[in-house]
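Shown next, in structure tokens, is the structure this report addresses.
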Amino acid sequence: MMYKTTVNYMSLFKNKSKTLGFIFFIVMMVQSVNAQNVEHRMTATSFSEFNKRLQKYAKKNPDKTHKGVIDVTCHPYNAKGDGVTDDTQAIQDAIDDAYPNRFMVYLPAGKTFLVSKQLKLIAPLETRQYGHQLIGAQKGVKPIIRLKDGSTIDDNILLFFQLNSPTKGKSPASHYGFTLRNVHIDMGNNPEAIGVLSAGAQQCVIEDIKIYGKAFKAGIKDLPGSGGGCVNIHIVGGDIGIDQNQHRANPTIEGLVLEGQKEYGIKIKNVRGPLVLAGFKIKAPQDASTNYRAIYLNNTYGDIKASGALHHAIADLCLTDGSIEVPGEGGIAISNGSQDVTLVNVFIKADKLIESGLTTAPYSHIEGDKDQWKKITKYLFTSRLDKASVVVAGKELNDRTNNYVFSEKLIDEAPKEDIYSKHSYGEIPDFNDPDVVDITRYGATRANENGDDDDAIAIQKALDDVSDPKSKNFGKTVLIPRGNFDLEQPILVKKGTKLIGTAKNSSTLVAKTAWDYKDGAIITTADDAEGNIILSDFTIMGHHRMCYLRIQSANTIVRDIVTEDKFRYGWPQADNWKKNKREGAAYVEFCKNAGGKVYHISLDHIMLQDRYRSDTPISGYHIVDVNNTTNPLTFYQLSVEHHKHSPSIMIKDAKNTTIFGMKYEGPGEHLNIVDSENIQVIGGSGNYYMDREYDRAIVVISNSKDIVLRQLTRKSKNGKLFNRTVTDITKYWIVDSETKITGDFSVLWYEGYKQKMNEANK
């Protein structure tokens with residue numbers, strides 16, 4: 001078997017190699033010779049495949065190795081973390097060893113790691129099975145990475161996350177799966193240095209970090225998007241908080257605090273669609289210069305004079321629930337060249353709140369007051385170049401000959417203290433929590449240890465135990481350690497339960513067979529009005545036409561759960577998957593008491609075998625289905641792509657659902673909203689085409705009220721796509737009972753009729 005030959009070939013060289021660079025060289029050579037992606041493994045690497053350094057670590061630290069953790073302070077890495085010793089090489093060695101073996105690099109609490117060179121988190125493989133995981137302790141004093149004063153670092157970037165593969169080169173669009181979390185970064189006195197470069201796509205995330213220092217250029221350069229995202233980011237000082245100049249699809253940040261930057265809080269010159277902020281606080285220094293801008297945006301990507309926003313909608317901005325404070329005379333909060341901008345529930349204290357149209361006359365601005373907070377309930381701007389659609393109750397408000405500006409009357413009101421934190425997830429335990437229950441203690445075994453058992457039995461026992469008040473493990477967290485665990489039946493997560501992995505790329509639940517949708521999801525949460533369930537940091541693998549995840553519980557947190565098709569990672573496809581019915585099926589479903597917050601879901605690979613099968617539509621076959629829910633349910637980054645059968649997302653008989661940041665690609669209807677109320681989609685982009693006459697629009701709305709869609713854009717697609725040629729015949733972005741909105745321009749704002757719903761649906 002070619003796969004086994006490849007792995008054995010690698011093993012021969014691993015014992016002889018002294019650097020991971022040589023290992024990766026061999027990997028690439030084998031890939032090109034055998035035309036088999038070596039990263040598509042059915043199991044994680046075992047002890048015999050570790051290099052000598054990791055084998056030494058495993059012998060000394062069996063418990064951490066079992067969980068999938070490289071603690072940089074342990075032998076043979078031996079980082080001191082005393083703030084005096086240079087720990088650069090120790091951390092880099094851990095990073096290099098962790099990636100090919102699907103380990104997480106762990107920084108313990110209370111440590112300060114002095115570094116003097118760039119930490120290179122380079123991904124040599126275009127895959128979501130691997131990904132750099134650099135994570136600090138969840139509890140205790142957060143670990144600090146401190147850059148030594150006066151350091152000379154490559155590219156002037158301290159933490160360098162990048163893809164560098166033989167097939168996709170350095171393309172951020174193919175960079176998947178990294179995590180940076182629970183770390184403080186002290187930039188010291190290094191005026192030209194940047195804290196983090198993080199351009200990436202699906203499952204690339206930055207969470208719970210703080211960046212500060214005496215002098216540095218920028219905190220973060222180029223955010224992840226397209227199903228990746230950022231949560232709880234705090235940057236103090238520097239010239240620029242966030243410097244965004246990368247063509248990533250609608251990056252999102254929830255819980256952003258920027259303080260004391262000299263030049264810009266956020267500088268945006270290139271984003272594909274809008275940068276989406278939900279919950280933020282930006283405060284200029286007291287001595288801010290007249291050139292300071294809390295947010296500056298101006299497109300520098302391509303020809304901004306190109307007609308229509310299908311190709312132009314770059315460097316846009318979408319703000320919800322936040323505050324901006326610029327003290328001093330003449331201070332300006334937001335400076336907008338010619339981009340699409342919307343604000344909802346934003347509080348600003350500055351002499352000028354917003355200046356717009358600076359490159360597309362006529363120029364306009366909104367006056368404020370440096371001594372008085374002003375609440376902007378709703379603000380819209382699109383330039384005469386973008387020509388974005390503004391439709392309220394069936395009426396098109398933008399004539400597309402001039403810049404369009406709308407602002408509701410300003411209100412003298414100060415923001416509440418929780419405005420920047422209301423969209424974040426709160427405390428989630430990690431592998432090191434003292435109240436963790438390991439599934440292997442209940443008999444679960446890794447696939448490379450025992451591939452014949454049903455690990456669902458052991459996992460269910462652990463989950464039942466922690467939810468039983470009579471058990472000694474009641475209330476504890478269930479941990480999936482590093483490895484692949486085979487399931488032959490669904491798993492039920494009960495009320496109040498926390499199910500976590502060590503890291504999303506290392507802890508994997510695998511559906512052994514392709515049971516039918518009606519037989520249950522791979523993971524289901526209990527139908528409960530209180531819920532209080534946490535699912536975090538693991539991968540679910542299954543077959544086509546299965547339901548991977550069904551949420552039925554209120555107050556549920558889903559964070560960084562990867563959903564992938566087994567076939568892509570080396571497993572043979574189950575013989576019975578084609579027998580599974582597609583009618584009425586969904587890969588991920590939210591129903592009954594479902595509610596809570598869902599972070600960074602990417603559902604673009606799980607239906608690939610069905611992608612270009614039949615042009616005959618299949619009723620009720622969706623990637624995401626939200627039905628019969630009333631509890632508040634919010635998605636932060638939802639990447640749903642390539643589904644052949646319309647629609648990809650169905651929201652039906654639902655209330656109070658919100659999506660911040662949505663990545664989409666064709667070919668059919670993307671979203672249907674049916675018999676629903678209070679639904680919002682805030683920020684979206686993608687290569688979107690429609691090529692079948694029977695598909696009505698990208699978004700179809702029927703018998704629903706209180707629907708708001710903000711800042712949705714697309715790039716038309718004609719020509720070769722994967723294994724076929726496509727021709728975009730999209731007529732309409734949005735169709736409802738009274739309105740048809742052209743597909744030729746972006747949607748800046750859509751607000752539907754206040755329709756009266758059918759009595760039977762109330």
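Residue numbering restarts at 1 in every chain; chains get A, B, ... in the order shown in the structure tokens, and ligands count up from 1 in that same order.
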**OP:** Extract the full set of strand (DSSP E or B) residues from segment 57-150 of chain A according to DSSP on the backbone, and format it as a PyMOL selection string.
**Re:** chain A and resi 69-71+82-86+104-107+112-115+119-123+133-136+144-147
Please build the interface table for segment 68-97 of chain A against segment 140-148 of chain A with a cut-off of 9 Å, listing for each qualifying residue the nearest atom pair and the distance in Å to one decimal; count only C-alpha atoms, order rows by chain and increasing number, and write it as a tab-separated table.
residue	atom	partner	partner_atom	distance
A:Gly81	CA	A:Ile144	CA	8.5
A:Gly83	CA	A:Arg146	CA	7.5
A:Asp86	CA	A:Lys148	CA	8.6
Subject >> Contacts of segment 123-128 of chain A at 8 Å (only C-alpha atoms; same-chain gap of 6+ positions) as a list in words >> reply: Phe24, Glu39, Tyr99, Phe161, Gln162, Leu163, Asn164, Ser165, Pro166, Thr167, Lys168, Ser174, His175, Tyr176, Gly177, Gln203 and Asn505 of chain A
**OP:** Choose the residue, out of A:Ile682, A:Val700, A:Ala526, A:Met104, that has the smallest atom-to-atom separation from Leu343 of chain A; count only C-alpha atoms.
**Re:**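 Using only C-alpha atoms, the shortest distance to Leu343 of chain A belongs to A:Ile682.
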**OP:** Using only C-alpha atoms, determine which residues lie at most 9 Å from Phe347 of chain A, disregarding the query and same-chain residues fewer than 5 positions distant; provide the list as a PyMOL selection string.
**Re:** chain A and resi 321-325+373-377+413-415
Got time to write the residues from that selection, N, CA and C atoms, as a short mmCIF file (atom, residue, chain, number, x, y, z; two decimals), in the first residue's frame?
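Resulting contents of part.cif:
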data_model
loop_
_atom_site.label_atom_id
_atom_site.label_comp_id
_atom_site.auth_asym_id
_atom_site.auth_seq_id
_atom_site.Cartn_x
_atom_site.Cartn_y
_atom_site.Cartn_z
N ASP A 321 -21.32 47.39 18.21
CA ASP A 321 -21.11 47.35 19.66
C ASP A 321 -19.69 47.73 20.05
N GLY A 322 -19.37 49.00 19.99
CA GLY A 322 -18.02 49.40 20.36
C GLY A 322 -17.91 50.87 20.70
N SER A 323 -16.71 51.26 21.13
CA SER A 323 -16.47 52.66 21.49
C SER A 323 -15.12 53.11 20.97
N ILE A 324 -15.04 54.40 20.62
CA ILE A 324 -13.80 55.03 20.16
C ILE A 324 -13.67 56.36 20.89
N GLU A 325 -12.47 56.61 21.43
CA GLU A 325 -12.24 57.86 22.16
C GLU A 325 -10.94 58.49 21.67
N TRP A 373 -19.73 61.84 24.85
CA TRP A 373 -19.97 60.64 24.05
C TRP A 373 -21.17 60.83 23.13
N LYS A 374 -21.03 60.35 21.90
CA LYS A 374 -22.13 60.36 20.95
C LYS A 374 -22.41 58.92 20.52
N LYS A 375 -23.66 58.51 20.64
CA LYS A 375 -24.05 57.17 20.22
C LYS A 375 -24.54 57.21 18.78
N ILE A 376 -23.89 56.39 17.93
CA ILE A 376 -24.33 56.24 16.54
C ILE A 376 -25.13 54.94 16.48
N THR A 377 -26.42 55.08 16.39
CA THR A 377 -27.28 53.90 16.34
C THR A 377 -27.15 53.19 15.00
N GLU A 413 -24.93 59.72 24.83
CA GLU A 413 -25.00 58.55 25.70
C GLU A 413 -23.63 57.89 25.77
N ALA A 414 -23.23 57.48 26.96
CA ALA A 414 -21.93 56.82 27.15
C ALA A 414 -22.08 55.31 27.03
N PRO A 415 -21.02 54.61 26.59
CA PRO A 415 -21.09 53.14 26.46
C PRO A 415 -21.05 52.46 27.81
#
Please tabulate, as JSON lines, the residues of segment 533-571 of chain A that come within 10 Å of segment 629-651 of chain A, each with its closest pair of atoms and the distance in Å to one decimal, counting only C-alpha atoms and ordering rows by chain, then residue number upward.
{"residue": "A:Gln552", "atom": "CA", "partner": "A:Thr629", "partner_atom": "CA", "distance": 8.8}
{"residue": "A:Ser553", "atom": "CA", "partner": "A:Asn631", "partner_atom": "CA", "distance": 9.3}
{"residue": "A:Ala554", "atom": "CA", "partner": "A:Asn631", "partner_atom": "CA", "distance": 6.7}
{"residue": "A:Asn555", "atom": "CA", "partner": "A:Asn631", "partner_atom": "CA", "distance": 8.5}
{"residue": "A:Thr556", "atom": "CA", "partner": "A:Leu633", "partner_atom": "CA", "distance": 8.9}
{"residue": "A:Ile557", "atom": "CA", "partner": "A:Thr634", "partner_atom": "CA", "distance": 9.9}
{"residue": "A:Val558", "atom": "CA", "partner": "A:Phe635", "partner_atom": "CA", "distance": 9.3}
{"residue": "A:Arg559", "atom": "CA", "partner": "A:Tyr636", "partner_atom": "CA", "distance": 9.6}
Using only all heavy atoms, please write the residues we just selected to a file, as a JSON list (two decimals), in the first residue's frame.
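Result file result_21.json:
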[["chain", "number", "residue", "atom", "x", "y", "z"],
["A", 552, "GLN", "N", -28.67, 21.18, 20.39],
["A", 552, "GLN", "CA", -30.07, 21.29, 20.82],
["A", 552, "GLN", "C", -30.20, 21.99, 22.17],
["A", 552, "GLN", "O", -31.28, 22.01, 22.75],
["A", 552, "GLN", "CB", -30.69, 19.88, 20.94],
["A", 552, "GLN", "CG", -30.62, 19.06, 19.66],
["A", 552, "GLN", "CD", -31.22, 17.68, 19.82],
["A", 552, "GLN", "OE1", -31.90, 17.19, 18.94],
["A", 552, "GLN", "NE2", -30.96, 17.04, 20.95],
["A", 553, "SER", "N", -29.10, 22.56, 22.66],
["A", 553, "SER", "CA", -29.06, 23.10, 24.01],
["A", 553, "SER", "C", -28.82, 24.60, 24.01],
["A", 553, "SER", "O", -28.08, 25.13, 23.17],
["A", 553, "SER", "CB", -27.93, 22.41, 24.80],
["A", 553, "SER", "OG", -26.73, 22.41, 24.04],
["A", 554, "ALA", "N", -29.43, 25.28, 24.96],
["A", 554, "ALA", "CA", -29.23, 26.71, 25.12],
["A", 554, "ALA", "C", -27.88, 26.98, 25.79],
["A", 554, "ALA", "O", -27.25, 26.09, 26.37],
["A", 554, "ALA", "CB", -30.36, 27.31, 25.96],
["A", 555, "ASN", "N", -27.43, 28.24, 25.69],
["A", 555, "ASN", "CA", -26.20, 28.68, 26.37],
["A", 555, "ASN", "C", -25.01, 27.76, 26.07],
["A", 555, "ASN", "O", -24.24, 27.40, 26.96],
["A", 555, "ASN", "CB", -26.43, 28.75, 27.89],
["A", 555, "ASN", "CG", -27.58, 29.65, 28.25],
["A", 555, "ASN", "OD1", -27.68, 30.77, 27.76],
["A", 555, "ASN", "ND2", -28.49, 29.16, 29.08],
["A", 556, "THR", "N", -24.87, 27.39, 24.83],
["A", 556, "THR", "CA", -23.81, 26.48, 24.40],
["A", 556, "THR", "C", -22.68, 27.27, 23.73],
["A", 556, "THR", "O", -22.94, 28.16, 22.92],
["A", 556, "THR", "CB", -24.36, 25.42, 23.44],
["A", 556, "THR", "OG1", -25.30, 24.61, 24.14],
["A", 556, "THR", "CG2", -23.25, 24.54, 22.88],
["A", 557, "ILE", "N", -21.45, 26.93, 24.08],
["A", 557, "ILE", "CA", -20.27, 27.51, 23.43],
["A", 557, "ILE", "C", -19.63, 26.44, 22.56],
["A", 557, "ILE", "O", -19.29, 25.35, 23.04],
["A", 557, "ILE", "CB", -19.24, 28.01, 24.46],
["A", 557, "ILE", "CG1", -19.84, 29.09, 25.36],
["A", 557, "ILE", "CG2", -17.98, 28.53, 23.75],
["A", 557, "ILE", "CD1", -20.23, 30.36, 24.64],
["A", 558, "VAL", "N", -19.49, 26.73, 21.28],
["A", 558, "VAL", "CA", -18.76, 25.87, 20.35],
["A", 558, "VAL", "C", -17.58, 26.68, 19.85],
["A", 558, "VAL", "O", -17.75, 27.70, 19.18],
["A", 558, "VAL", "CB", -19.64, 25.43, 19.17],
["A", 558, "VAL", "CG1", -18.84, 24.57, 18.19],
["A", 558, "VAL", "CG2", -20.88, 24.68, 19.66],
["A", 559, "ARG", "N", -16.37, 26.25, 20.19],
["A", 559, "ARG", "CA", -15.17, 27.01, 19.82],
["A", 559, "ARG", "C", -14.17, 26.10, 19.11],
["A", 559, "ARG", "O", -13.76, 25.08, 19.63],
["A", 559, "ARG", "CB", -14.51, 27.62, 21.05],
["A", 559, "ARG", "CG", -13.28, 28.49, 20.72],
["A", 559, "ARG", "CD", -12.57, 29.00, 21.95],
["A", 559, "ARG", "NE", -11.86, 27.93, 22.65],
["A", 559, "ARG", "CZ", -11.03, 28.13, 23.68],
["A", 559, "ARG", "NH1", -10.82, 29.36, 24.13],
["A", 559, "ARG", "NH2", -10.43, 27.11, 24.27]]
Original post:
Do you know which residues are at most 9 Å from Asp435 of chain A counting only C-alpha atoms, after dropping those on the same chain fewer than 2 positions away, and could you put them as a PyMOL selection string?
Top reply: chain A and resi 429+432-433+437+473+475-478
**OP:** Find the residues around Lys60 of chain A up to 12 Å (only C-alpha atoms counted), leave out those fewer than 3 positions away in its own chain, and share them as a PyMOL selection string.
**Re:** chain A and resi 53-57+63-66+70-71+74-77
With N, CA and C atoms retained, export the selected residues as a CSV table (one decimal), in the first residue's frame.
chain,number,residue,atom,x,y,z
A,53,ARG,N,15.0,14.0,19.7
A,53,ARG,CA,14.7,15.0,20.7
A,53,ARG,C,13.3,14.8,21.3
A,54,LEU,N,12.3,14.6,20.5
A,54,LEU,CA,11.0,14.3,21.0
A,54,LEU,C,10.9,13.0,21.7
A,55,GLN,N,11.7,12.0,21.3
A,55,GLN,CA,11.7,10.7,22.0
A,55,GLN,C,12.2,10.9,23.4
A,56,LYS,N,13.3,11.8,23.6
A,56,LYS,CA,13.8,12.1,24.9
A,56,LYS,C,12.7,12.7,25.8
A,57,TYR,N,12.0,13.7,25.2
A,57,TYR,CA,10.9,14.4,25.9
A,57,TYR,C,9.8,13.4,26.3
A,63,ASP,N,3.0,11.7,30.6
A,63,ASP,CA,1.6,12.2,30.7
A,63,ASP,C,1.4,13.4,29.7
A,64,LYS,N,2.3,14.3,29.6
A,64,LYS,CA,2.2,15.4,28.7
A,64,LYS,C,2.2,14.9,27.2
A,65,THR,N,3.1,13.9,27.0
A,65,THR,CA,3.2,13.3,25.6
A,65,THR,C,1.8,12.6,25.3
A,66,HIS,N,1.3,11.9,26.2
A,66,HIS,CA,0.0,11.3,26.0
A,66,HIS,C,-1.1,12.3,25.6
A,70,ILE,N,3.8,19.6,24.2
A,70,ILE,CA,5.2,19.9,24.4
A,70,ILE,C,5.4,21.1,25.3
A,71,ASP,N,5.7,20.9,26.5
A,71,ASP,CA,6.0,21.9,27.5
A,71,ASP,C,7.4,22.4,27.3
A,74,CYS,N,10.3,21.7,29.8
A,74,CYS,CA,10.7,20.4,30.2
A,74,CYS,C,11.9,19.9,29.3
A,75,HIS,N,12.6,18.9,29.8
A,75,HIS,CA,13.8,18.3,29.1
A,75,HIS,C,13.3,17.6,27.9
A,76,PRO,N,14.0,17.7,26.7
A,76,PRO,CA,15.3,18.4,26.5
A,76,PRO,C,15.2,19.8,26.0
A,77,TYR,N,14.0,20.4,26.0
A,77,TYR,CA,13.9,21.8,25.5
A,77,TYR,C,14.4,22.8,26.5
**OP:** Write out as a list in words the residues lying within 8 Å of Leu509 of chain A, counting only C-alpha atoms and excluding same-chain residues fewer than 6 positions away.
**Re:** Asn484, Phe485, Asp486, Leu487, Phe538, Thr539, Ile540 and Met541 of chain A
Since we have the selection now, will you write its residues out, keeping C-alpha atoms, as a PDB file, in the first residue's frame?
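That gives us out-v7.pdb:
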ATOM      1  CA  ASN A 484      -7.732   9.483  16.651  1.00  0.00           C
ATOM      2  CA  PHE A 485     -10.612   7.770  18.461  1.00  0.00           C
ATOM      3  CA  ASP A 486     -13.009   5.595  16.445  1.00  0.00           C
ATOM      4  CA  LEU A 487     -16.769   5.810  16.908  1.00  0.00           C
ATOM      5  CA  PHE A 538     -11.128  18.977  18.612  1.00  0.00           C
ATOM      6  CA  THR A 539     -11.821  17.544  15.168  1.00  0.00           C
ATOM      7  CA  ILE A 540     -14.864  15.556  14.072  1.00  0.00           C
ATOM      8  CA  MET A 541     -14.262  13.306  11.057  1.00  0.00           C
TER       9      MET A 541
END
**OP:** Just list the residues in segment 290-425 of chain A DSSP gives helix (DSSP H, G or I) on the backbone, as a ChimeraX atom specification.
**Re:** /A:309-312,417-420
Residues of segment 409-486 of chain A that have any atom at most 10 Å from an atom of segment 246-254 of chain A: could you tabulate them with the shortest-distance atom pair and the distance in Å to one decimal, using only C-alpha atoms, ordered by chain and increasing number, as a Markdown table?
| residue | atom | partner | partner_atom | distance |
| --- | --- | --- | --- | --- |
| A:Tyr420 | CA | A:Glu254 | CA | 7.6 |
| A:Ser421 | CA | A:Glu254 | CA | 7.6 |
| A:Lys422 | CA | A:Glu254 | CA | 8.5 |
| A:His423 | CA | A:Glu254 | CA | 5.7 |
| A:Ser424 | CA | A:Glu254 | CA | 6.0 |
| A:Tyr425 | CA | A:Glu254 | CA | 9.4 |
Subject >> Point-to-point distance from atom CA of Ile233 of chain A to atom CA of Ile153 of chain A, Å rounded to tenths >> reply: 23.2 Å
**OP:** Go through A:Gln89, A:Asn593, A:Asn51, A:Gln573 and flag the residue nearest Asp527 of chain A, using only C-alpha atoms for the distances.
**Re:** A:Asn593
Subject >> Between atom CA of Gly666 of chain A and atom CA of Ile523 of chain A, distance in Å (one decimal) >> reply: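 It comes out at 27.8 Å.
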Original post:
Which one of A:Ser746, A:Asn576, A:Asp149, A:Val681 sits closest to Leu385 of chain A if you count only C-alpha atoms?
Top reply: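 Using only C-alpha atoms, Leu385 of chain A sits closest to A:Ser746.
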Subject >> Nearest to Asn703 of chain A, chosen from A:Leu380, A:Val726, A:Lys652, A:Lys740, with only C-alpha atoms counted in the distances >> reply: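 Distance minimum relative to Asn703 of chain A lands on A:Lys652.
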